[in-house]
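First comes the structure, then the notes that go with it.
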Amino acid sequence: MKDFIFQIPRKTEIGFSKSRGIAKIIKKMELKKILIVIDYNLKKMGIIDNIFNDLKEENVSFTIFDNIKNEPTITEVDQVINDLNIAYNYNGIVGIGGGSTIDVTKLLAVSGSIEGSIKNYIGTNLIDKPGIPMIMIPTTSGTGAEATPNAIVKDKKEGWKKGVVSPYLIPDLVIIDPELTLSLPPKVTAETGIDAFTHAIECFICKRANAMSDLFALSSMRLISRNLRRVVKDGSNKEARYNMALASFYGGIAITNSGTGGVHALAYPLGGKYDMSHGLSNSILLAEVMEFNAKAVPEKFVKIAEVMAIEATDLSEEQAIKSTVDEIRKLVDNVGITIEGFQVSKQILNDLSKLAMHEQRLLWNNPRPITYKVAREIYKNALLKK
Ligand SMILES: [Fe+2]
């Protein structure tokens with residue numbers, strides 16, 4: 001009986017080789033001055049050559065911008081916005097890459113609608129006009145950024161990550177082409193896959209969860225628990241890649257309509273201050289935060305057990321929680337995620353816990369309150385155990 005709003009990208013095309021049809025789509029949308037934003041590595045690896053060939057064959061003129069750093073800072077994004085003068089030079093933008101590229105592309109798309117630094121737009125609903133049409137083509141299965149109204153940037157000075165959140169950042173068109181993920185190395189596949197799982201589970205148990213976000217969150221968890229191990233073991237498994245691409249997109253839809261919580265709140269300081277990748281940060285915190293959260297929403301963990309194919313029919317709520325948390329821990333372990341070499345001191349634990357308290361946008365949504373003391377305990381368990 002909860003009131004809620006449901007938002008989703010205007011159109012999504014899903015399937016192998018779908019990205020090769022982009023030229024026709026751009027022509028149909030009558031976008032004449034296109035900027036294509038891509039990960040530098042992607043161009044080097046040649047996995048998007050087919051997209052460029054398609055554009056050339058159809059005589060679509062485009063400019064490429066490939067100077068996106070992984071997990072960029074506010075200053076770097078401000079600089080790019082300044083250099084490119086998007087609103088004046090382009091009438092459409094395409095983002096091809098992982099989460100960082102997609103997030104920067106979103107900010108570039110709305111750059112004509114904002115004034116001054118993007119720092120002024122950190123927060124929710126602060127952009128009041130749409131930008132130019134944006135098309136997103138994800139090349140990893142994890143962030144789900146192609147479906148969300150969020151753009152995450154790093155504040156290097158303060159050492160934490162911040163989000164610009166606006167419905168105007170939801171893409172107009174998403175093309176999900178699992179072919180682009182076939183050559184992802186196992187480490188990236190594993191870490192981004194657990195990031196997607198984290199989105200789904202957090203969106204399902206958090207305060208903003210609703211009937212429709214639950215549909216996507218549960219389906220995402222079902223797909224990931226059945227396909228992530230397979231795809232890490234054999235990256236060329238097309239069916240498993242397809243299912244992971246879908247699961248990641250579902251996770252993004254769940255974020256848009258519900259939201260993440262404690263895992264992401266505690267993961268951001270690891271990325272912001274210690275440059276740990278987003279997927280890895282989430283992966284090492286996931287089971288610990290879930291063990292803590294389960295007491296607040298035990299009935300939801302029974303449902304999670306079901307979608308993860310844990311035989312929970314004869315289990316008590318308490319047993320179902322334990323089995324679910326164990327299964328999550330096993331999944332992270334099975335896909336080979338480790339933080340070997342990360343040195344933890346008392347000071348680091350204090351710093352991380354202090355930084356996590358800045359993430360009130362996410363902590364508020366967590367089903368159980370996470371205080372400084374709780375955060376420190378979670379960090380200690382997660383970082384010392386490995
Ligand atoms: Fe995430």
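By order in the structure tokens, chains are A, B, ...; within a chain, residues start at 1; ligands start at 1, following the order shown.
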
Go through the chains and note each residue within 8 Å of ligand 1, using only C-alpha atoms and all ligand atoms, then give the set as number ranges by chain.
A: 142-144, 195-196, 198-199, 260, 264, 278-279, 282

Which residues come within 12 Å of Ser220 of chain A, counting only C-alpha atoms, excluding same-chain residues fewer than 5 positions away, as a VMD selection string?
chain A and resid 141 to 142 144 193 to 204 213 to 215 225 to 228 243 to 255 304 307 to 308

Keeping C-alpha atoms, export the residues of the selection given above as a PDB file, in the first residue's frame.
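Output contents, as saved in selection_20.pdb:
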```pdb
ATOM      1  CA  SER A 141      27.830  -5.818 -16.314  1.00  0.00           C
ATOM      2  CA  GLY A 142      27.802  -4.180 -12.925  1.00  0.00           C
ATOM      3  CA  GLY A 144      23.706  -0.392 -13.931  1.00  0.00           C
ATOM      4  CA  GLY A 193      29.084  -8.654 -10.922  1.00  0.00           C
ATOM      5  CA  ILE A 194      29.124  -8.395  -7.125  1.00  0.00           C
ATOM      6  CA  ASP A 195      28.484  -4.642  -7.450  1.00  0.00           C
ATOM      7  CA  ALA A 196      25.324  -5.521  -9.405  1.00  0.00           C
ATOM      8  CA  PHE A 197      24.308  -8.038  -6.741  1.00  0.00           C
ATOM      9  CA  THR A 198      24.885  -5.389  -4.075  1.00  0.00           C
ATOM     10  CA  HIS A 199      22.556  -3.001  -5.902  1.00  0.00           C
ATOM     11  CA  ALA A 200      19.843  -5.620  -6.048  1.00  0.00           C
ATOM     12  CA  ILE A 201      20.043  -6.772  -2.429  1.00  0.00           C
ATOM     13  CA  GLU A 202      20.340  -3.249  -1.028  1.00  0.00           C
ATOM     14  CA  CYS A 203      17.409  -2.025  -3.109  1.00  0.00           C
ATOM     15  CA  PHE A 204      15.322  -4.976  -1.912  1.00  0.00           C
ATOM     16  CA  SER A 213      11.692  -2.143  -7.507  1.00  0.00           C
ATOM     17  CA  ASP A 214      11.326  -5.523  -5.741  1.00  0.00           C
ATOM     18  CA  LEU A 215      10.515  -7.213  -9.069  1.00  0.00           C
ATOM     19  CA  SER A 225      23.459 -16.160  -8.170  1.00  0.00           C
ATOM     20  CA  ARG A 226      23.033 -18.532 -11.141  1.00  0.00           C
ATOM     21  CA  ASN A 227      25.368 -16.889 -13.665  1.00  0.00           C
ATOM     22  CA  LEU A 228      28.230 -14.993 -12.018  1.00  0.00           C
ATOM     23  CA  ASN A 243      22.074 -12.958 -18.135  1.00  0.00           C
ATOM     24  CA  MET A 244      24.652 -10.847 -16.282  1.00  0.00           C
ATOM     25  CA  ALA A 245      24.030  -7.873 -18.610  1.00  0.00           C
ATOM     26  CA  LEU A 246      20.334  -8.188 -17.881  1.00  0.00           C
ATOM     27  CA  ALA A 247      20.936  -8.569 -14.128  1.00  0.00           C
ATOM     28  CA  SER A 248      23.074  -5.441 -14.092  1.00  0.00           C
ATOM     29  CA  PHE A 249      20.415  -3.438 -15.936  1.00  0.00           C
ATOM     30  CA  TYR A 250      17.736  -4.721 -13.538  1.00  0.00           C
ATOM     31  CA  GLY A 251      19.961  -3.640 -10.647  1.00  0.00           C
ATOM     32  CA  GLY A 252      20.167  -0.155 -12.172  1.00  0.00           C
ATOM     33  CA  ILE A 253      16.381   0.028 -12.486  1.00  0.00           C
ATOM     34  CA  ALA A 254      16.093  -1.062  -8.858  1.00  0.00           C
ATOM     35  CA  ILE A 255      18.464   1.769  -7.828  1.00  0.00           C
ATOM     36  CA  ILE A 304      16.466 -13.660  -0.817  1.00  0.00           C
ATOM     37  CA  VAL A 307      15.877 -16.496  -5.221  1.00  0.00           C
ATOM     38  CA  MET A 308      19.404 -17.658  -4.435  1.00  0.00           C
TER      39      MET A 308
END
```

Find the residues near Ile378 of chain A: any atom within 10 Å, counting only C-alpha atoms, skip ones fewer than 3 places away on the same chain, and give them as number ranges by chain.
A: 263, 266, 285-289, 291-292, 349, 353, 370, 372-375, 381-384

Each residue of segment 14-110 of chain A with at least one atom at most 12 Å from segment 231-241 of chain A should appear once, together with its nearest atom pair and the corresponding distance in Å (one decimal); atoms considered: only C-alpha atoms; ordering: chain, then increasing residue number; output as JSON lines.
```
{"residue": "A:Gly15", "atom": "CA", "partner": "A:Arg241", "partner_atom": "CA", "distance": 10.8}
{"residue": "A:Phe16", "atom": "CA", "partner": "A:Lys238", "partner_atom": "CA", "distance": 8.8}
{"residue": "A:Ser17", "atom": "CA", "partner": "A:Lys238", "partner_atom": "CA", "distance": 11.9}
```

Could the residues in this selection be written to a file with N, CA and C atoms, as a PDB file, in the first residue's frame?
```
ATOM      1  N   GLY A  15      20.342  -7.151 -26.710  1.00  0.00           N
ATOM      2  CA  GLY A  15      20.651  -8.310 -27.539  1.00  0.00           C
ATOM      3  C   GLY A  15      22.075  -8.275 -28.069  1.00  0.00           C
ATOM      4  N   PHE A  16      22.586  -9.449 -28.444  1.00  0.00           N
ATOM      5  CA  PHE A  16      23.932  -9.526 -29.028  1.00  0.00           C
ATOM      6  C   PHE A  16      23.985  -8.714 -30.319  1.00  0.00           C
ATOM      7  N   SER A  17      25.049  -7.948 -30.480  1.00  0.00           N
ATOM      8  CA  SER A  17      25.319  -7.113 -31.669  1.00  0.00           C
ATOM      9  C   SER A  17      24.393  -5.915 -31.822  1.00  0.00           C
TER      10      SER A  17
END
```

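Closest approach to Tyr242 of chain A among A:Ala265, A:Thr140, A:Ser166, A:Thr338 is made by A:Thr140 (distances from only C-alpha atoms).
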
Considering only C-alpha atoms, return as an MDAnalysis selection string whatever protein or nucleic-acid residues lie within 10 Å of Thr101 of chain A, sequence-local ones (same chain, fewer than 6 positions apart) excluded.
chainID A and resid 37:40 66:72 95 136:139 145 151

Mind dumping the selected residues with N, CA and C atoms as a CSV table (one decimal), in the first residue's frame?
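What ended up in selection-v8.csv:
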```csv
chain,number,residue,atom,x,y,z
A,37,VAL,N,31.5,9.5,-26.2
A,37,VAL,CA,32.4,9.5,-25.0
A,37,VAL,C,32.8,8.0,-24.8
A,38,ILE,N,34.1,7.7,-24.8
A,38,ILE,CA,34.4,6.3,-24.5
A,38,ILE,C,35.6,6.1,-23.6
A,39,ASP,N,35.7,5.0,-23.0
A,39,ASP,CA,36.9,4.7,-22.2
A,39,ASP,C,38.1,4.6,-23.1
A,40,TYR,N,39.2,5.2,-22.7
A,40,TYR,CA,40.4,5.1,-23.5
A,40,TYR,C,40.8,3.7,-23.9
A,66,ASP,N,37.9,10.6,-25.6
A,66,ASP,CA,38.3,9.4,-24.9
A,66,ASP,C,39.2,9.7,-23.7
A,67,ASN,N,39.1,10.9,-23.2
A,67,ASN,CA,40.0,11.2,-22.1
A,67,ASN,C,39.3,11.2,-20.7
A,68,ILE,N,38.7,10.0,-20.5
A,68,ILE,CA,37.9,9.9,-19.2
A,68,ILE,C,38.8,9.0,-18.3
A,69,LYS,N,39.1,9.6,-17.1
A,69,LYS,CA,39.8,8.8,-16.1
A,69,LYS,C,38.8,7.9,-15.4
A,70,ASN,N,39.3,6.8,-14.9
A,70,ASN,CA,38.4,6.0,-14.1
A,70,ASN,C,38.1,6.7,-12.8
A,71,GLU,N,36.8,6.7,-12.4
A,71,GLU,CA,36.3,7.3,-11.2
A,71,GLU,C,36.9,8.8,-11.1
A,72,PRO,N,36.4,9.7,-12.0
A,72,PRO,CA,37.0,11.0,-12.1
A,72,PRO,C,36.6,11.9,-10.9
A,95,GLY,N,27.4,7.5,-24.7
A,95,GLY,CA,28.4,7.1,-23.7
A,95,GLY,C,28.7,5.6,-23.9
A,136,MET,N,23.2,5.5,-24.1
A,136,MET,CA,24.2,4.8,-23.3
A,136,MET,C,24.4,3.3,-23.7
A,137,ILE,N,25.7,3.0,-23.8
A,137,ILE,CA,26.0,1.6,-24.2
A,137,ILE,C,27.0,1.0,-23.2
A,138,PRO,N,26.5,0.3,-22.2
A,138,PRO,CA,27.4,-0.2,-21.2
A,138,PRO,C,28.3,-1.3,-21.7
A,139,THR,N,29.6,-1.3,-21.2
A,139,THR,CA,30.5,-2.4,-21.7
A,139,THR,C,30.9,-3.3,-20.5
A,145,ALA,N,24.6,1.8,-14.3
A,145,ALA,CA,24.5,3.3,-14.4
A,145,ALA,C,23.7,3.7,-15.6
A,151,ALA,N,25.0,10.4,-11.1
A,151,ALA,CA,26.4,10.5,-11.6
A,151,ALA,C,27.3,10.6,-10.4
```

Applying 12 Å and only C-alpha atoms, which residues near Asp49 of chain A remain after dropping the ones on its own chain fewer than 5 positions away? List them as a PDB file with all heavy atoms, in the first residue's frame.
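See around.pdb below for the written result:
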```pdb
ATOM      1  N   SER A  17      25.049  -7.948 -30.480  1.00  0.00           N
ATOM      2  CA  SER A  17      25.319  -7.113 -31.669  1.00  0.00           C
ATOM      3  C   SER A  17      24.393  -5.915 -31.822  1.00  0.00           C
ATOM      4  O   SER A  17      24.441  -5.227 -32.838  1.00  0.00           O
ATOM      5  CB  SER A  17      25.268  -7.948 -32.959  1.00  0.00           C
ATOM      6  OG  SER A  17      26.091  -9.073 -32.822  1.00  0.00           O
ATOM      7  N   SER A  19      24.551  -3.094 -30.555  1.00  0.00           N
ATOM      8  CA  SER A  19      25.252  -1.803 -30.623  1.00  0.00           C
ATOM      9  C   SER A  19      25.637  -1.447 -32.057  1.00  0.00           C
ATOM     10  O   SER A  19      25.891  -0.292 -32.371  1.00  0.00           O
ATOM     11  CB  SER A  19      26.488  -1.822 -29.733  1.00  0.00           C
ATOM     12  OG  SER A  19      27.381  -2.831 -30.142  1.00  0.00           O
ATOM     13  N   ARG A  20      25.677  -2.453 -32.924  1.00  0.00           N
ATOM     14  CA  ARG A  20      26.055  -2.172 -34.320  1.00  0.00           C
ATOM     15  C   ARG A  20      24.964  -1.419 -35.081  1.00  0.00           C
ATOM     16  O   ARG A  20      25.188  -0.937 -36.174  1.00  0.00           O
ATOM     17  CB  ARG A  20      26.362  -3.475 -35.058  1.00  0.00           C
ATOM     18  CG  ARG A  20      27.555  -4.188 -34.452  1.00  0.00           C
ATOM     19  CD  ARG A  20      27.970  -5.355 -35.282  1.00  0.00           C
ATOM     20  NE  ARG A  20      28.673  -6.329 -34.480  1.00  0.00           N
ATOM     21  CZ  ARG A  20      29.168  -7.447 -34.938  1.00  0.00           C
ATOM     22  NH1 ARG A  20      29.023  -7.754 -36.209  1.00  0.00           N
ATOM     23  NH2 ARG A  20      29.805  -8.284 -34.155  1.00  0.00           N
ATOM     24  N   ILE A  38      34.061   7.667 -24.760  1.00  0.00           N
ATOM     25  CA  ILE A  38      34.427   6.266 -24.526  1.00  0.00           C
ATOM     26  C   ILE A  38      35.609   6.146 -23.565  1.00  0.00           C
ATOM     27  O   ILE A  38      36.395   7.074 -23.409  1.00  0.00           O
ATOM     28  CB  ILE A  38      34.808   5.514 -25.832  1.00  0.00           C
ATOM     29  CG1 ILE A  38      35.960   6.229 -26.554  1.00  0.00           C
ATOM     30  CG2 ILE A  38      33.650   5.341 -26.732  1.00  0.00           C
ATOM     31  CD1 ILE A  38      36.571   5.391 -27.643  1.00  0.00           C
ATOM     32  N   LEU A  42      39.129   1.090 -24.107  1.00  0.00           N
ATOM     33  CA  LEU A  42      38.195   0.416 -25.006  1.00  0.00           C
ATOM     34  C   LEU A  42      38.606   0.621 -26.459  1.00  0.00           C
ATOM     35  O   LEU A  42      38.574  -0.295 -27.276  1.00  0.00           O
ATOM     36  CB  LEU A  42      36.825   1.042 -24.800  1.00  0.00           C
ATOM     37  CG  LEU A  42      35.652   0.144 -24.537  1.00  0.00           C
ATOM     38  CD1 LEU A  42      35.982  -0.880 -23.482  1.00  0.00           C
ATOM     39  CD2 LEU A  42      34.468   0.965 -24.102  1.00  0.00           C
ATOM     40  N   LYS A  43      39.032   1.851 -26.764  1.00  0.00           N
ATOM     41  CA  LYS A  43      39.434   2.178 -28.124  1.00  0.00           C
ATOM     42  C   LYS A  43      40.696   1.386 -28.470  1.00  0.00           C
ATOM     43  O   LYS A  43      40.829   0.837 -29.563  1.00  0.00           O
ATOM     44  CB  LYS A  43      39.695   3.677 -28.226  1.00  0.00           C
ATOM     45  CG  LYS A  43      39.646   4.191 -29.640  1.00  0.00           C
ATOM     46  CD  LYS A  43      39.712   5.703 -29.622  1.00  0.00           C
ATOM     47  CE  LYS A  43      40.522   6.216 -30.776  1.00  0.00           C
ATOM     48  NZ  LYS A  43      41.053   7.538 -30.522  1.00  0.00           N
ATOM     49  N   LYS A  44      41.590   1.318 -27.478  1.00  0.00           N
ATOM     50  CA  LYS A  44      42.846   0.609 -27.669  1.00  0.00           C
ATOM     51  C   LYS A  44      42.591  -0.883 -27.913  1.00  0.00           C
ATOM     52  O   LYS A  44      43.215  -1.515 -28.749  1.00  0.00           O
ATOM     53  CB  LYS A  44      43.690   0.783 -26.392  1.00  0.00           C
ATOM     54  CG  LYS A  44      45.122   1.129 -26.675  1.00  0.00           C
ATOM     55  CD  LYS A  44      45.902   1.539 -25.427  1.00  0.00           C
ATOM     56  CE  LYS A  44      45.609   0.691 -24.212  1.00  0.00           C
ATOM     57  NZ  LYS A  44      46.330   1.128 -23.024  1.00  0.00           N
ATOM     58  N   ASP A  54      30.111   0.911 -38.282  1.00  0.00           N
ATOM     59  CA  ASP A  54      28.701   1.109 -38.598  1.00  0.00           C
ATOM     60  C   ASP A  54      28.412   2.593 -38.828  1.00  0.00           C
ATOM     61  O   ASP A  54      27.740   2.978 -39.798  1.00  0.00           O
ATOM     62  CB  ASP A  54      27.854   0.553 -37.436  1.00  0.00           C
ATOM     63  CG  ASP A  54      26.371   0.821 -37.614  1.00  0.00           C
ATOM     64  OD1 ASP A  54      25.862   0.514 -38.708  1.00  0.00           O
ATOM     65  OD2 ASP A  54      25.732   1.327 -36.681  1.00  0.00           O
ATOM     66  N   LEU A  55      28.953   3.438 -37.937  1.00  0.00           N
ATOM     67  CA  LEU A  55      28.723   4.880 -38.061  1.00  0.00           C
ATOM     68  C   LEU A  55      29.316   5.415 -39.364  1.00  0.00           C
ATOM     69  O   LEU A  55      28.703   6.240 -40.054  1.00  0.00           O
ATOM     70  CB  LEU A  55      29.341   5.615 -36.859  1.00  0.00           C
ATOM     71  CG  LEU A  55      28.631   5.381 -35.522  1.00  0.00           C
ATOM     72  CD1 LEU A  55      29.497   5.853 -34.355  1.00  0.00           C
ATOM     73  CD2 LEU A  55      27.291   6.108 -35.475  1.00  0.00           C
ATOM     74  N   LYS A  56      30.520   4.933 -39.691  1.00  0.00           N
ATOM     75  CA  LYS A  56      31.181   5.413 -40.917  1.00  0.00           C
ATOM     76  C   LYS A  56      30.405   4.965 -42.157  1.00  0.00           C
ATOM     77  O   LYS A  56      30.173   5.743 -43.078  1.00  0.00           O
ATOM     78  CB  LYS A  56      32.623   4.907 -40.973  1.00  0.00           C
ATOM     79  CG  LYS A  56      33.545   5.719 -40.075  1.00  0.00           C
ATOM     80  CD  LYS A  56      34.935   5.115 -40.024  1.00  0.00           C
ATOM     81  CE  LYS A  56      35.688   5.626 -38.816  1.00  0.00           C
ATOM     82  NZ  LYS A  56      36.766   4.745 -38.392  1.00  0.00           N
ATOM     83  N   ILE A  96      29.910   5.209 -24.146  1.00  0.00           N
ATOM     84  CA  ILE A  96      30.207   3.777 -24.305  1.00  0.00           C
ATOM     85  C   ILE A  96      31.299   3.416 -23.297  1.00  0.00           C
ATOM     86  O   ILE A  96      32.428   3.909 -23.407  1.00  0.00           O
ATOM     87  CB  ILE A  96      30.709   3.441 -25.730  1.00  0.00           C
ATOM     88  CG1 ILE A  96      29.776   4.022 -26.795  1.00  0.00           C
ATOM     89  CG2 ILE A  96      30.834   1.923 -25.910  1.00  0.00           C
ATOM     90  CD1 ILE A  96      30.280   3.854 -28.233  1.00  0.00           C
ATOM     91  N   LEU A 180      29.773  -6.906 -26.106  1.00  0.00           N
ATOM     92  CA  LEU A 180      30.832  -5.986 -25.673  1.00  0.00           C
ATOM     93  C   LEU A 180      31.485  -6.436 -24.360  1.00  0.00           C
ATOM     94  O   LEU A 180      32.539  -5.945 -23.984  1.00  0.00           O
ATOM     95  CB  LEU A 180      30.275  -4.566 -25.512  1.00  0.00           C
ATOM     96  CG  LEU A 180      29.619  -3.952 -26.752  1.00  0.00           C
ATOM     97  CD1 LEU A 180      29.015  -2.597 -26.425  1.00  0.00           C
ATOM     98  CD2 LEU A 180      30.638  -3.819 -27.884  1.00  0.00           C
TER      99      LEU A 180
END
```

Contacts of Ile118 of chain A at 7 Å or less, counting only C-alpha atoms, minus same-chain residues fewer than 2 places along, as a PyMOL selection string?
chain A and resi 74+78+116+120-122

Between A:Met29, A:Leu270, A:Met221, A:Ala23, single out the one closest to Leu352 of chain A, counting only C-alpha atoms.
A:Leu270

I need the residue nearest Lys380 of chain A from this list: A:Leu173, A:Ile284, A:Leu35, A:Leu315. Use only C-alpha atoms for the distance.
A:Ile284

Any idea what's packed within 12 Å of Gly131 of chain A, counting only C-alpha atoms, ignoring anything in its chain fewer than 5 positions away? Could you give it as a list in words?
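Returned residues: Ile86, Ala87, Tyr88, Tyr90, Asn91, Gly92, Ile93, Thr105, Lys106, Leu107, Leu108, Ala109, Val110, Ser111, Gly112, Ser113, Ile114, Ser166, Pro167, Tyr168, Leu169, Ile170, Pro171 and Asp172 of chain A.
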
Go ahead and save the residues from that selection, with N, CA, C and O atoms, as a short mmCIF file (atom, residue, chain, number, x, y, z; two decimals), in the first residue's frame.
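Saved to part03.cif:
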```
data_model
loop_
_atom_site.label_atom_id
_atom_site.label_comp_id
_atom_site.auth_asym_id
_atom_site.auth_seq_id
_atom_site.Cartn_x
_atom_site.Cartn_y
_atom_site.Cartn_z
N ILE A 86 29.56 21.60 -24.65
CA ILE A 86 28.63 20.65 -25.25
C ILE A 86 27.38 21.30 -25.87
O ILE A 86 27.06 21.04 -27.03
N ALA A 87 26.71 22.13 -25.10
CA ALA A 87 25.43 22.67 -25.57
C ALA A 87 25.61 23.42 -26.89
O ALA A 87 24.72 23.43 -27.75
N TYR A 88 26.76 24.04 -27.07
CA TYR A 88 27.02 24.82 -28.28
C TYR A 88 27.45 23.91 -29.45
O TYR A 88 27.05 24.12 -30.59
N TYR A 90 27.23 20.31 -29.78
CA TYR A 90 26.61 19.00 -30.08
C TYR A 90 25.11 19.02 -29.81
O TYR A 90 24.64 19.77 -28.97
N ASN A 91 24.39 18.10 -30.51
CA ASN A 91 22.97 17.96 -30.18
C ASN A 91 22.61 16.54 -29.78
O ASN A 91 21.44 16.19 -29.66
N GLY A 92 23.62 15.72 -29.54
CA GLY A 92 23.39 14.38 -29.02
C GLY A 92 24.68 13.81 -28.48
O GLY A 92 25.78 14.20 -28.91
N ILE A 93 24.59 12.90 -27.52
CA ILE A 93 25.80 12.35 -26.92
C ILE A 93 25.62 10.85 -26.68
O ILE A 93 24.53 10.39 -26.33
N THR A 105 29.38 11.02 -19.07
CA THR A 105 28.54 11.33 -20.23
C THR A 105 27.23 12.00 -19.80
O THR A 105 26.76 12.96 -20.42
N LYS A 106 26.66 11.50 -18.71
CA LYS A 106 25.42 12.11 -18.21
C LYS A 106 25.64 13.57 -17.83
O LYS A 106 24.83 14.44 -18.16
N LEU A 107 26.75 13.82 -17.14
CA LEU A 107 27.02 15.19 -16.71
C LEU A 107 27.30 16.10 -17.90
O LEU A 107 26.90 17.26 -17.91
N LEU A 108 27.97 15.55 -18.91
CA LEU A 108 28.22 16.34 -20.13
C LEU A 108 26.90 16.66 -20.81
O LEU A 108 26.69 17.77 -21.30
N ALA A 109 25.99 15.69 -20.84
CA ALA A 109 24.70 15.89 -21.53
C ALA A 109 23.92 17.05 -20.91
O ALA A 109 23.27 17.81 -21.62
N VAL A 110 24.00 17.20 -19.59
CA VAL A 110 23.22 18.28 -18.94
C VAL A 110 24.07 19.52 -18.69
O VAL A 110 23.61 20.47 -18.05
N SER A 111 25.30 19.53 -19.20
CA SER A 111 26.21 20.64 -18.86
C SER A 111 25.70 22.00 -19.33
O SER A 111 26.04 23.03 -18.75
N GLY A 112 24.85 21.99 -20.38
CA GLY A 112 24.29 23.26 -20.84
C GLY A 112 23.19 23.77 -19.91
O GLY A 112 22.76 24.92 -19.99
N SER A 113 22.73 22.89 -19.01
CA SER A 113 21.63 23.28 -18.10
C SER A 113 22.15 23.65 -16.71
O SER A 113 21.36 23.90 -15.81
N ILE A 114 23.47 23.63 -16.54
CA ILE A 114 24.00 23.96 -15.21
C ILE A 114 24.97 25.15 -15.32
O ILE A 114 25.50 25.43 -16.37
N SER A 166 19.48 13.29 -10.53
CA SER A 166 18.41 14.07 -11.19
C SER A 166 17.73 13.19 -12.22
O SER A 166 18.39 12.43 -12.93
N PRO A 167 16.40 13.30 -12.35
CA PRO A 167 15.74 12.51 -13.41
C PRO A 167 16.27 12.87 -14.80
O PRO A 167 16.17 12.06 -15.72
N TYR A 168 16.85 14.06 -14.95
CA TYR A 168 17.40 14.46 -16.25
C TYR A 168 18.69 13.70 -16.59
O TYR A 168 19.23 13.86 -17.68
N LEU A 169 19.16 12.88 -15.65
CA LEU A 169 20.35 12.06 -15.93
C LEU A 169 19.96 10.65 -16.37
O LEU A 169 20.83 9.83 -16.67
N ILE A 170 18.67 10.35 -16.41
CA ILE A 170 18.24 9.03 -16.90
C ILE A 170 18.32 9.06 -18.44
O ILE A 170 17.73 9.94 -19.07
N PRO A 171 19.07 8.11 -19.04
CA PRO A 171 19.26 8.16 -20.49
C PRO A 171 17.95 8.03 -21.29
O PRO A 171 16.98 7.44 -20.83
N ASP A 172 17.99 8.60 -22.50
CA ASP A 172 16.84 8.48 -23.40
C ASP A 172 16.80 7.11 -24.04
O ASP A 172 15.74 6.55 -24.28
#
```

Could you pull out the strand (DSSP E or B) residues of segment 93-334 of chain A, going by DSSP on the backbone, and write them as a ChimeraX atom specification?
/A:93-97,123-124,134-138,150-155,160-165,173-176
